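As stored in coords-v8.pdb (PDB, C-alpha atoms, pLDDT in the B column):
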```
MODEL        1
ATOM      1  CA  TYR A 567      85.655  76.854  80.337  1.00 58.00           C
ATOM      2  CA  SER A 568      84.726  77.823  76.823  1.00 70.00           C
ATOM      3  CA  GLU A 569      86.804  77.405  73.674  1.00 79.00           C
ATOM      4  CA  THR A 570      85.422  80.764  72.486  1.00 85.00           C
ATOM      5  CA  PRO A 571      87.656  83.568  73.801  1.00 84.00           C
ATOM      6  CA  ASP A 572      85.818  86.136  75.922  1.00 83.00           C
ATOM      7  CA  GLU A 573      86.366  89.611  74.437  1.00 85.00           C
ATOM      8  CA  TYR A 574      86.265  91.118  77.927  1.00 81.00           C
ATOM      9  CA  TYR A 575      89.569  89.381  78.704  1.00 77.00           C
ATOM     10  CA  THR A 576      91.191  89.363  75.269  1.00 81.00           C
ATOM     11  CA  SER A 577      90.742  93.126  74.802  1.00 83.00           C
ATOM     12  CA  ARG A 578      92.701  93.981  77.983  1.00 77.00           C
ATOM     13  CA  LEU A 579      96.239  93.459  79.187  1.00 73.00           C
ATOM     14  CA  LEU A 580      96.368  91.902  82.632  1.00 65.00           C
ATOM     15  CA  LEU A 581      99.449  93.853  83.676  1.00 63.00           C
ATOM     16  CA  ASP A 582      97.954  97.187  82.553  1.00 69.00           C
ATOM     17  CA  ASN A 583      94.311  96.562  83.558  1.00 70.00           C
ATOM     18  CA  ALA A 584      94.708  94.363  86.652  1.00 67.00           C
ATOM     19  CA  ASP A 585      91.965  96.240  88.533  1.00 70.00           C
ATOM     20  CA  GLU A 586      89.443  95.243  85.838  1.00 75.00           C
ATOM     21  CA  PHE A 587      89.988  91.484  86.152  1.00 74.00           C
ATOM     22  CA  ASP A 588      88.195  89.149  88.549  1.00 72.00           C
ATOM     23  CA  VAL A 589      91.330  87.150  89.327  1.00 66.00           C
ATOM     24  CA  LEU A 590      93.481  87.078  92.428  1.00 59.00           C
ATOM     25  CA  TYR A 591      96.617  85.568  90.898  1.00 61.00           C
ATOM     26  CA  ALA A 592      97.847  85.261  87.331  1.00 62.00           C
ATOM     27  CA  TRP A 593     100.418  82.986  85.772  1.00 65.00           C
ATOM     28  CA  TRP A 594     102.087  83.436  82.390  1.00 61.00           C
ATOM     29  CA  PRO A 595     103.694  80.217  81.181  1.00 65.00           C
ATOM     30  CA  ALA A 596     105.993  80.814  78.225  1.00 67.00           C
ATOM     31  CA  VAL A 597     107.455  78.584  75.567  1.00 69.00           C
ATOM     32  CA  ALA A 598     111.236  78.297  75.884  1.00 73.00           C
ATOM     33  CA  PRO A 599     113.355  80.224  73.356  1.00 77.00           C
ATOM     34  CA  GLY A 600     113.806  78.295  70.129  1.00 81.00           C
ATOM     35  CA  HIS A 601     110.415  76.542  70.461  1.00 78.00           C
ATOM     36  CA  SER A 602     106.828  77.431  69.473  1.00 77.00           C
ATOM     37  CA  ASN A 603     103.275  76.759  70.633  1.00 71.00           C
ATOM     38  CA  THR A 604     102.816  74.367  67.686  1.00 76.00           C
ATOM     39  CA  GLU A 605     105.043  71.879  69.504  1.00 77.00           C
ATOM     40  CA  LEU A 606     102.533  71.576  72.381  1.00 73.00           C
ATOM     41  CA  ALA A 607     100.381  68.439  72.348  1.00 75.00           C
ATOM     42  CA  ASP A 608      98.006  66.493  74.594  1.00 76.00           C
ATOM     43  CA  GLY A 609      99.748  64.406  77.217  1.00 77.00           C
ATOM     44  CA  GLN A 610     102.820  66.587  77.561  1.00 75.00           C
ATOM     45  CA  VAL A 611     104.114  67.225  81.062  1.00 74.00           C
ATOM     46  CA  LEU A 612     104.360  70.734  82.472  1.00 70.00           C
ATOM     47  CA  SER A 613     107.077  71.250  85.070  1.00 68.00           C
ATOM     48  CA  VAL A 614     106.773  74.121  87.552  1.00 66.00           C
ATOM     49  CA  GLU A 615     109.702  75.279  89.635  1.00 64.00           C
ATOM     50  CA  ALA A 616     108.777  76.897  92.949  1.00 61.00           C
ATOM     51  CA  GLY A 617     110.673  79.788  94.493  1.00 66.00           C
ATOM     52  CA  TYR A 618     111.683  77.532  97.387  1.00 65.00           C
ATOM     53  CA  TYR A 619     113.078  74.048  97.707  1.00 69.00           C
ATOM     54  CA  ASN A 620     110.385  71.425  97.282  1.00 67.00           C
ATOM     55  CA  LYS A 621     110.302  68.456  99.582  1.00 75.00           C
ATOM     56  CA  PRO A 622     109.776  64.930  98.218  1.00 77.00           C
ATOM     57  CA  GLU A 623     106.249  64.893  99.714  1.00 79.00           C
ATOM     58  CA  ASP A 624     105.194  68.147  97.934  1.00 73.00           C
ATOM     59  CA  ARG A 625     102.673  67.513  95.151  1.00 71.00           C
ATOM     60  CA  PHE A 626     100.978  69.978  92.813  1.00 65.00           C
ATOM     61  CA  GLU A 627      98.048  69.186  90.531  1.00 66.00           C
ATOM     62  CA  PHE A 628      96.275  71.316  87.954  1.00 62.00           C
ATOM     63  CA  ALA A 629      93.061  70.505  86.138  1.00 58.00           C
ATOM     64  CA  THR A 630      90.622  72.229  83.783  1.00 54.00           C
ATOM     65  CA  LEU A 631      87.002  71.499  82.965  1.00 49.00           C
ATOM     66  CA  ALA A 632      85.537  71.483  79.490  1.00 49.00           C
ATOM     67  CA  GLY A 633      82.211  73.262  78.931  1.00 45.00           C
ATOM     68  CA  GLY A 634      79.062  71.328  79.774  1.00 47.00           C
ATOM     69  CA  ASP A 635      77.232  69.993  82.814  1.00 45.00           C
ATOM     70  CA  ASP A 636      80.423  69.708  84.893  1.00 45.00           C
ATOM     71  CA  VAL A 637      80.818  73.484  84.783  1.00 46.00           C
ATOM     72  CA  VAL A 638      77.481  74.003  86.550  1.00 45.00           C
ATOM     73  CA  ASP A 639      78.468  71.438  89.193  1.00 48.00           C
ATOM     74  CA  ALA A 640      81.783  73.243  89.663  1.00 49.00           C
ATOM     75  CA  GLY A 641      79.838  76.508  89.941  1.00 46.00           C
ATOM     76  CA  ALA A 642      77.794  75.112  92.817  1.00 50.00           C
ATOM     77  CA  ALA A 643      80.951  74.255  94.695  1.00 49.00           C
ATOM     78  CA  ARG A 644      82.328  77.733  94.039  1.00 66.00           C
ATOM     79  CA  LEU A 645      79.226  79.784  94.897  1.00 79.00           C
ATOM     80  CA  ASP A 646      80.958  80.644  98.170  1.00 79.00           C
ATOM     81  CA  ASP A 647      83.547  82.530  96.077  1.00 82.00           C
ATOM     82  CA  VAL A 648      80.961  85.163  95.098  1.00 89.00           C
ATOM     83  CA  HIS A 649      81.667  88.481  96.797  1.00 90.00           C
ATOM     84  CA  PRO A 650      81.261  92.234  96.238  1.00 91.00           C
ATOM     85  CA  VAL A 651      84.253  94.427  95.405  1.00 87.00           C
ATOM     86  CA  PRO A 652      84.896  96.748  97.154  1.00 86.00           C
ATOM     87  CA  ASN A 653      83.413  95.762 100.495  1.00 84.00           C
ATOM     88  CA  PRO A 654      83.094  97.993 102.407  1.00 85.00           C
ATOM     89  CA  TYR A 655      82.163 100.474  99.700  1.00 86.00           C
ATOM     90  CA  PHE A 656      83.234 104.091 100.213  1.00 81.00           C
ATOM     91  CA  HIS A 657      81.868 106.548  97.666  1.00 74.00           C
ATOM     92  CA  ALA A 658      84.436 107.624  95.057  1.00 63.00           C
ATOM     93  CA  THR A 659      86.806 104.658  95.199  1.00 60.00           C
ATOM     94  CA  ASP A 660      89.697 104.190  92.776  1.00 60.00           C
ATOM     95  CA  LEU A 661      87.683 101.455  91.038  1.00 59.00           C
ATOM     96  CA  GLU A 662      85.142 103.946  89.671  1.00 60.00           C
ATOM     97  CA  PRO A 663      85.554 105.596  86.265  1.00 60.00           C
ATOM     98  CA  ASP A 664      84.691 109.059  87.637  1.00 62.00           C
ATOM     99  CA  ALA A 665      83.646 110.698  90.901  1.00 59.00           C
ATOM    100  CA  GLY A 666      79.927 110.718  90.060  1.00 61.00           C
ATOM    101  CA  THR A 667      79.635 107.011  89.264  1.00 69.00           C
ATOM    102  CA  GLY A 668      79.218 104.516  92.076  1.00 78.00           C
ATOM    103  CA  LEU A 669      80.138 100.922  91.243  1.00 84.00           C
ATOM    104  CA  ILE A 670      80.177  97.722  93.256  1.00 89.00           C
ATOM    105  CA  THR A 671      81.085  94.625  91.268  1.00 89.00           C
ATOM    106  CA  PHE A 672      80.025  91.154  92.360  1.00 92.00           C
ATOM    107  CA  VAL A 673      82.735  88.738  91.203  1.00 89.00           C
ATOM    108  CA  GLY A 674      83.019  84.954  91.148  1.00 86.00           C
ATOM    109  CA  LEU A 675      79.531  84.378  89.719  1.00 87.00           C
ATOM    110  CA  PRO A 676      78.895  80.996  88.076  1.00 84.00           C
ATOM    111  CA  ALA A 677      78.612  80.617  84.299  1.00 81.00           C
ATOM    112  CA  THR A 678      74.809  80.555  84.404  1.00 83.00           C
ATOM    113  CA  GLU A 679      72.009  83.090  84.540  1.00 88.00           C
ATOM    114  CA  VAL A 680      72.121  84.851  87.907  1.00 91.00           C
ATOM    115  CA  THR A 681      69.719  87.104  89.807  1.00 93.00           C
ATOM    116  CA  LEU A 682      71.173  89.446  92.411  1.00 94.00           C
ATOM    117  CA  GLU A 683      68.806  90.916  94.990  1.00 95.00           C
ATOM    118  CA  ILE A 684      69.856  93.690  97.377  1.00 95.00           C
ATOM    119  CA  TYR A 685      67.891  94.265 100.600  1.00 95.00           C
ATOM    120  CA  ASN A 686      68.103  96.833 103.377  1.00 93.00           C
ATOM    121  CA  LEU A 687      68.167  95.617 106.998  1.00 92.00           C
ATOM    122  CA  ALA A 688      64.380  96.046 107.223  1.00 91.00           C
ATOM    123  CA  GLY A 689      64.144  93.268 104.621  1.00 90.00           C
ATOM    124  CA  GLU A 690      62.930  95.583 101.866  1.00 92.00           C
ATOM    125  CA  LEU A 691      64.140  94.771  98.362  1.00 94.00           C
ATOM    126  CA  ILE A 692      65.885  97.893  97.075  1.00 95.00           C
ATOM    127  CA  ARG A 693      67.342  96.566  93.790  1.00 95.00           C
ATOM    128  CA  THR A 694      67.294  93.489  91.564  1.00 95.00           C
ATOM    129  CA  LEU A 695      69.967  92.873  88.930  1.00 95.00           C
ATOM    130  CA  THR A 696      70.291  90.022  86.452  1.00 94.00           C
ATOM    131  CA  LYS A 697      73.264  88.479  84.676  1.00 90.00           C
ATOM    132  CA  ASP A 698      72.374  86.662  81.484  1.00 85.00           C
ATOM    133  CA  ASN A 699      75.837  86.709  79.897  1.00 84.00           C
ATOM    134  CA  LEU A 700      77.089  83.154  80.445  1.00 81.00           C
ATOM    135  CA  GLN A 701      80.660  84.207  79.587  1.00 79.00           C
ATOM    136  CA  SER A 702      80.878  86.710  82.433  1.00 82.00           C
ATOM    137  CA  SER A 703      81.609  85.967  86.079  1.00 84.00           C
ATOM    138  CA  ARG A 704      80.743  89.452  87.298  1.00 87.00           C
ATOM    139  CA  LEU A 705      77.769  91.753  87.728  1.00 91.00           C
ATOM    140  CA  THR A 706      77.995  95.460  88.527  1.00 90.00           C
ATOM    141  CA  TRP A 707      75.633  97.443  90.760  1.00 92.00           C
ATOM    142  CA  ASP A 708      75.552 101.204  90.188  1.00 89.00           C
ATOM    143  CA  VAL A 709      74.865 101.734  93.933  1.00 89.00           C
ATOM    144  CA  LYS A 710      71.353 103.009  93.310  1.00 90.00           C
ATOM    145  CA  THR A 711      67.915 101.773  94.317  1.00 92.00           C
ATOM    146  CA  THR A 712      65.261 100.656  91.846  1.00 93.00           C
ATOM    147  CA  HIS A 713      64.078 104.295  91.801  1.00 91.00           C
ATOM    148  CA  GLY A 714      67.537 105.621  90.844  1.00 87.00           C
ATOM    149  CA  LEU A 715      68.296 107.064  94.273  1.00 86.00           C
ATOM    150  CA  PRO A 716      71.499 106.511  96.243  1.00 84.00           C
ATOM    151  CA  PRO A 717      70.943 104.215  99.209  1.00 89.00           C
ATOM    152  CA  ALA A 718      71.633 105.418 102.730  1.00 88.00           C
ATOM    153  CA  SER A 719      74.926 104.466 104.331  1.00 90.00           C
ATOM    154  CA  GLY A 720      74.649 101.203 106.191  1.00 91.00           C
ATOM    155  CA  ILE A 721      74.698  97.431 105.954  1.00 94.00           C
ATOM    156  CA  TYR A 722      72.852  95.732 103.090  1.00 95.00           C
ATOM    157  CA  ILE A 723      72.075  92.083 102.454  1.00 94.00           C
ATOM    158  CA  TYR A 724      72.625  90.606  99.008  1.00 95.00           C
ATOM    159  CA  ARG A 725      71.219  87.340  97.719  1.00 94.00           C
ATOM    160  CA  VAL A 726      72.644  85.635  94.645  1.00 92.00           C
ATOM    161  CA  VAL A 727      70.317  83.111  92.977  1.00 91.00           C
ATOM    162  CA  ALA A 728      71.667  80.848  90.211  1.00 88.00           C
ATOM    163  CA  PRO A 729      69.038  78.354  88.937  1.00 85.00           C
ATOM    164  CA  GLY A 730      70.411  74.831  88.921  1.00 81.00           C
ATOM    165  CA  VAL A 731      73.389  75.918  91.044  1.00 83.00           C
ATOM    166  CA  GLY A 732      72.025  77.328  94.292  1.00 85.00           C
ATOM    167  CA  SER A 733      71.935  80.591  96.199  1.00 87.00           C
ATOM    168  CA  LYS A 734      74.148  82.587  98.513  1.00 89.00           C
ATOM    169  CA  VAL A 735      73.383  85.320 101.028  1.00 92.00           C
ATOM    170  CA  GLY A 736      75.970  87.865 102.116  1.00 92.00           C
ATOM    171  CA  LYS A 737      76.315  91.383 103.425  1.00 94.00           C
ATOM    172  CA  ILE A 738      77.917  94.564 102.209  1.00 94.00           C
ATOM    173  CA  ALA A 739      78.695  97.848 103.940  1.00 92.00           C
ATOM    174  CA  VAL A 740      77.867 100.976 101.940  1.00 90.00           C
ATOM    175  CA  PHE A 741      79.122 104.447 102.841  1.00 86.00           C
ATOM    176  CA  THR A 742      77.702 107.092 100.507  1.00 79.00           C
ATOM    177  CA  GLU A 743      79.018 110.595  99.957  1.00 72.00           C
ATOM    178  CA  VAL A 744      75.821 112.483 100.819  1.00 63.00           C
ATOM    179  CA  GLU A 745      73.618 111.318 103.672  1.00 60.00           C
ATOM    180  CA  GLN A 746      70.720 113.651 102.999  1.00 57.00           C
ATOM    181  CA  VAL A 747      68.719 113.586  99.792  1.00 55.00           C
ATOM    182  CA  GLN A 748      67.700 117.184  99.098  1.00 59.00           C
ATOM    183  CA  ARG A 749      65.491 116.538  96.086  1.00 58.00           C
ATOM    184  CA  TYR A 750      63.142 113.710  95.045  1.00 53.00           C
TER     185      TYR A 750
ENDMDL
END
```
Render the structure in this file as structure tokens.
Amino acid sequence: YSETPDEYYTSRLLLDNADEFDVLYAWWPAVAPGHSNTELADGQVLSVEAGYYNKPEDRFEFATLAGGDDVVDAGAARLDDVHPVPNPYFHATDLEPDAGTGLITFVGLPATEVTLEIYNLAGELIRTLTKDNLQSSRLTWDVKTTHGLPPASGIYIYRVVAPGVGSKVGKIAVFTEVEQVQRY
């Protein structure tokens, strides 16, 4: 959590740009008619009504973390949430700005510096990316090797390394448009 608004989120409308956000669910609490946000204060109780009948044993809790050391600790617990989108990747998905641009976005990254390494199944490092923006929880791969070439279709291993948080290894399936490189 940061008290400084992240321009990435404040410059977009969630309803209009939902495919650009790294969230699964969104919730829009609103102030009741005749009231304003200035009436909100610490210690007030927020009541949430579910779309079904709650039972007496149902309990719901919400919490937020202020910026600081606790955020890194929370990041370590959430490193399992890191994943590539889309996976599997098929060339020319709806998530790409145009047909010639391949994009795979790794979401759920912790609010620290992150190194992302991508390996082929032979264990050869084909690309290294870094995230140094502490406000962002995503990192985008242009689906190219270090040499600017498209990788072959297949399974790739990714490794996310976040100093002070930990590391995670995962896999991604890549299906490219052209299987044969004619130049290079």
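Atom pair CA of Trp707 (chain A) / CA of Asp646 (chain A) has a distance of 19.1 Å (rounded to one decimal).
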- Selected residue of minimal separation from Ile723 (chain A) among A:Asp698, A:Asp588, A:Glu683, A:Asp708, counting only C-alpha atoms: A:Glu683
- Skip Tyr722 (chain A) itself and residues of its chain fewer than 4 positions away, then list as a list in words all residues within 9 Å of it, counting all atoms listed in the file. Ile684, Tyr685, Asn686, Leu687, Gly736, Lys737, Ile738, Ala739 and Val740 of chain A
Region 666-681 of chain A environment, 6 Å, only C-alpha atoms, sequence neighbours closer than 3 positions dropped, as an mmCIF file with C-alpha atoms, in the frame of the given file:
```cif
data_model
loop_
_atom_site.group_PDB
_atom_site.id
_atom_site.type_symbol
_atom_site.label_atom_id
_atom_site.label_comp_id
_atom_site.auth_asym_id
_atom_site.auth_seq_id
_atom_site.Cartn_x
_atom_site.Cartn_y
_atom_site.Cartn_z
ATOM 1 C CA GLY A 641 79.838 76.508 89.941
ATOM 2 C CA ASP A 647 83.547 82.530 96.077
ATOM 3 C CA VAL A 648 80.961 85.163 95.098
ATOM 4 C CA HIS A 649 81.667 88.481 96.797
ATOM 5 C CA PRO A 650 81.261 92.234 96.238
ATOM 6 C CA VAL A 651 84.253 94.427 95.405
ATOM 7 C CA LEU A 695 69.967 92.873 88.930
ATOM 8 C CA THR A 696 70.291 90.022 86.452
ATOM 9 C CA LYS A 697 73.264 88.479 84.676
ATOM 10 C CA ASP A 698 72.374 86.662 81.484
ATOM 11 C CA LEU A 700 77.089 83.154 80.445
ATOM 12 C CA SER A 703 81.609 85.967 86.079
ATOM 13 C CA ARG A 704 80.743 89.452 87.298
ATOM 14 C CA LEU A 705 77.769 91.753 87.728
ATOM 15 C CA THR A 706 77.995 95.460 88.527
ATOM 16 C CA TRP A 707 75.633 97.443 90.760
ATOM 17 C CA ASP A 708 75.552 101.204 90.188
ATOM 18 C CA VAL A 709 74.865 101.734 93.933
ATOM 19 C CA VAL A 726 72.644 85.635 94.645
ATOM 20 C CA VAL A 727 70.317 83.111 92.977
ATOM 21 C CA ALA A 728 71.667 80.848 90.211
#
```
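Going from CA of Ser568 (chain A) to CA of Tyr724 (chain A) covers 28.3 Å.
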- Check the smallest atom-to-atom distance from each of A:His601, A:His657, A:Arg578, A:Arg625 to Ala718 (chain A) using all atoms listed in the file, then report the winner. A:His657
- Message: Report, in Å with one decimal, the straight-line distance from CA of Pro654 (chain A) to CA of Leu579 (chain A).
- Response: 27.1 Å
